[in-house]
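Undergrad: Mind looking over this structure? Questions follow.
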Number of protein chains: 2
Amino acid sequence: MNTLEEVNDFVRNGHHEYLAHVSIDPVIFGYHQQQLKILLLKWKGLEGWGLPGGFIKRREPLSQAAYRILQDKTSLSNLFLQQFHIFGDSPYRVRERSAQEFKEKFNLNLDDCNWLLQRTLSIGYFALVDFSKVTVQTDFFTEDYHWWDVREIPTLLFDQNEVVDKALLTLRLQIYHQPIGYNLLPEKFTLPEIHTLYETILGKELDQRNFAKKLIALGLVRKLNEQRSIGAHRSPFLYQFEKENYENALQAGVVHTY
Amino acid sequence: MNTLEEVNDFVRNGHHEYLAHVSIDPVIFGYHQQQLKILLLKWKGLEGWGLPGGFIKRREPLSQAAYRILQDKTSLSNLFLQQFHIFGDSPYRVRERSAQEFKEKFNLNLDDCNWLLQRTLSIGYFALVDFSKVTVQTDFFTEDYHWWDVREIPTLLFDQNEVVDKALLTLRLQIYHQPIGYNLLPEKFTLPEIHTLYETILGKELDQRNFAKKLIALGLVRKLNEQRSIGAHRSPFLYQFEKENYENALQAGVVHTY
DNA sequence: ACAAAAGTGTTAGCGATACACCCATGT
DNA sequence: ACATGGGTGTATCGCTAACACTTTTGT
């Protein structure tokens with residue numbers, strides 16, 4: 001959506017194409033330079049940053065809508081995506097909006113009963129993406145984008161800080177049951193990288209030796225015959241996931257701690 | 001909703017009071033006679049059984065809506081209720097319904113664009129109730145109700161078998177992190193009762209001695225000076241939850257196995 | 001030579017699991 | 001007395017957790 005014409009059509013006739021009252025808000029996690037990050041957009045006319053949300057088409061399966069929205073923003077097609085909560089309790093999600101608000105913020109004239117003014121429930125999805133493969137797409141509504149360290153998330157629009165918090169909580173709870181590393185790390189990675197990733201997500205220190213020991217003992221990763229050069233230090237070996245073992249272990253929930 | 005007049009008003013004007021496109025479907029678990037059961041309703045005009053669902057009012061917080069719907073059906077106010085998934089992928093949740101279908105099944109005449117004909121996403125909640133305290137309310141749409149053993153759930157309306165399956169799965173996953181026993185058992189219960197409850201939910205045998213040992217060692221239950229008479233057998237002692245310890249243990253996730 | 005990060009083994013303690021016999025009660 | 005379900009203790013094994021020094025690399 002890039003021209004003013006398209007935007008006007010979306011605002012006025014969007015309810016013929018999309019479901020009112022429900023939106024999808026994806027929390028996109030990426031991992032880069034030892035930091036867990038979230039992709040946020042700066043919306044035109046609105047103060048502050050927000051999630052790259054979107055609407056569901058009238059006859060589109062829900063999960064397909066989530067993939068479409070993700071793909072539109074990141075141009076990634078093969079990513080991990082999971083629904084984690086639906087938000088409909090905060091005051092922002094209960095009250096309806098006014099046409100005046102829209103006029104002031106976007107300079108768009110809306111009918112009082114326009115579909116965008118109605119209360120919207122938000123379905124939270126979280127995505128795990130390989131940071132290095134993402135190219136962010138912007139459009140008419142998007143002024144800027146930025147990957148934010150999860151420890152430094154600014155104040156977001158509406159109740160979206162709550163959405164992000166819940167996503168992080170879910171990520172932590174599921175770290176032993178979902179292919180977290182598989183989707184956040186590049187194909188080849190070093191032990192210190194995956195070690196720091198887990199420490200970052202869990203927000204606590206994990207013993208270096210025990211961590212490596214367990215990964216290897218369970219056959220979750222395979223040591224490659226390559227090393228990465230990291231400057232004035234010993235060169236770490238590269239590893240790959242043993243896809244089959246890894247997935248079996250997750251299913252069985254074998255891995256409880258590191 | 002009991003008179004035909006009320007029903008007609010709901011069908012024709014419900015969209016002024018309720019949000020279209022979204023419904024709440026609660027899976028109500030109860031435990032009785034060593035069986036985990038689910039409350040299902042027989043809807044008038046529809047073949048088969050279904051969940052006791054309802055709609056969200058326009059300005060009603062989501063979780064409040066879930067409580068209201070639950071309370072309307074069970075007359076219970078103090079119950080455990082948790083959102084677990086939103087369903088919007090199955091063919092039933094994608095396609096829209098026809099006025100003709102409504103005419104045939106309910107003998108109600110609807111406009112082609114009536115709000116009840118539109119696609120509806122379903123928010124799944126699961127509730128844990130003390131079976132002995134429930135009195136089920138029926139209304140115009142409800143022909144009958146029945147508590148079904150979870151191992152014998154019949155074919156349900158739409159995609160609701162999927163909803164029930166997912167609720168069961170979630171219950172199993174959360175058994176160590178949610179006050180499962182607290183809400184499904186009466187205030188006073190015997191060790192064999194809680195033991196069988198956990199076996200039933202997890203669908204596997206748990207060692208009797210280890211189970212009791214752990215419950216008591218962690219101080220989750222307190223032995224009372226009362227016994228229950230169960231006929232021609234040794235009388236089991238009654239126990240109560242040690243509320244404080246129990247909740248602390250859940251929060252900390254202390255209990256991993258039995 | 002030095003600074004910074006990678007790599008690597010052992011031990012102690014705790015918790016999970018496996019296992020079988022006696023007791024209470026009503027008929 | 002007998003049938004049925006309730007109640008109880010111990011020993012082994014495996015996993016977790018704690019812990020520090022040597023190696024590599026570039027400057």
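Residues in the structure tokens are named by chain (A, B, ... in the order shown) and by number from 1 within that chain; ligands are numbered from 1 in the order shown.
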If you run DSSP on the backbone here, which positions in region 9-72 of chain B get strand (DSSP E or B)? Please write them as number ranges by chain.
TA: B: 18-32, 35-43, 49-50, 54-57
Undergrad: List every residue of region 3-59 of chain A that DSSP, applied to the backbone, labels as helix (DSSP H, G or I), and write the result as a PyMOL selection string.
TA: chain A and resi 4-17
Undergrad: Give me the residues near DT8 (chain C) as a PyMOL selection string, where near means some atom within 12 Å (using only C-alpha atoms (C1' of nucleotides)) and where sequence neighbours in that chain fewer than 3 positions away do not count.
TA: (chain A and resi 208-210+212-213) or (chain D and resi 20-23)
Undergrad: Residues of chain D no more than 12 Å from chain A, counting only C-alpha atoms (C1' of nucleotides): send them over as a PyMOL selection string.
TA: chain D and resi 15-20+23-27
Undergrad: Got time to write the residues from that selection, C-alpha atoms (C1' of nucleotides), as a PDB file, in the first residue's frame?
TA:
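That gives us part.pdb:
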ATOM      1  C1'  DC D  15      21.035 -36.156  35.700  1.00  0.00           C
ATOM      2  C1'  DT D  16      22.115 -31.611  37.397  1.00  0.00           C
ATOM      3  C1'  DA D  17      25.171 -28.366  39.105  1.00  0.00           C
ATOM      4  C1'  DA D  18      29.360 -26.663  40.662  1.00  0.00           C
ATOM      5  C1'  DC D  19      33.873 -25.718  39.579  1.00  0.00           C
ATOM      6  C1'  DA D  20      39.279 -23.707  36.847  1.00  0.00           C
ATOM      7  C1'  DT D  23      44.824 -23.394  24.332  1.00  0.00           C
ATOM      8  C1'  DT D  24      44.463 -20.394  20.491  1.00  0.00           C
ATOM      9  C1'  DT D  25      44.838 -16.113  18.076  1.00  0.00           C
ATOM     10  C1'  DG D  26      46.099 -11.317  16.792  1.00  0.00           C
ATOM     11  C1'  DT D  27      48.392  -7.304  18.195  1.00  0.00           C
TER      12       DT D  27
END
Undergrad: So that I can check the surroundings of Gln82 (chain B), please list as a PDB file with C-alpha atoms, in the first residue's frame every protein, DNA and RNA residue that reaches within 8 Å of it, counting only C-alpha atoms (C1' of nucleotides) and ignoring chain neighbours fewer than 4 positions away.
TA:
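What landed in result.pdb:
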ATOM      1  CA  TYR B 125     -11.060 -21.103  26.695  1.00  0.00           C
ATOM      2  CA  PHE B 126     -10.838 -23.986  29.063  1.00  0.00           C
ATOM      3  CA  ALA B 127     -12.481 -24.019  32.456  1.00  0.00           C
TER       4      ALA B 127
END
Undergrad: Got a sec: who's within 10 Å of region 200-203 of chain B, counting only C-alpha atoms (C1' of nucleotides), leaving out chain neighbours fewer than 6 positions off, as JSON, numbers by chain?
TA: {"B": [31, 34, 35, 36, 150, 151, 168, 169, 171, 172, 173, 175, 180, 194]}
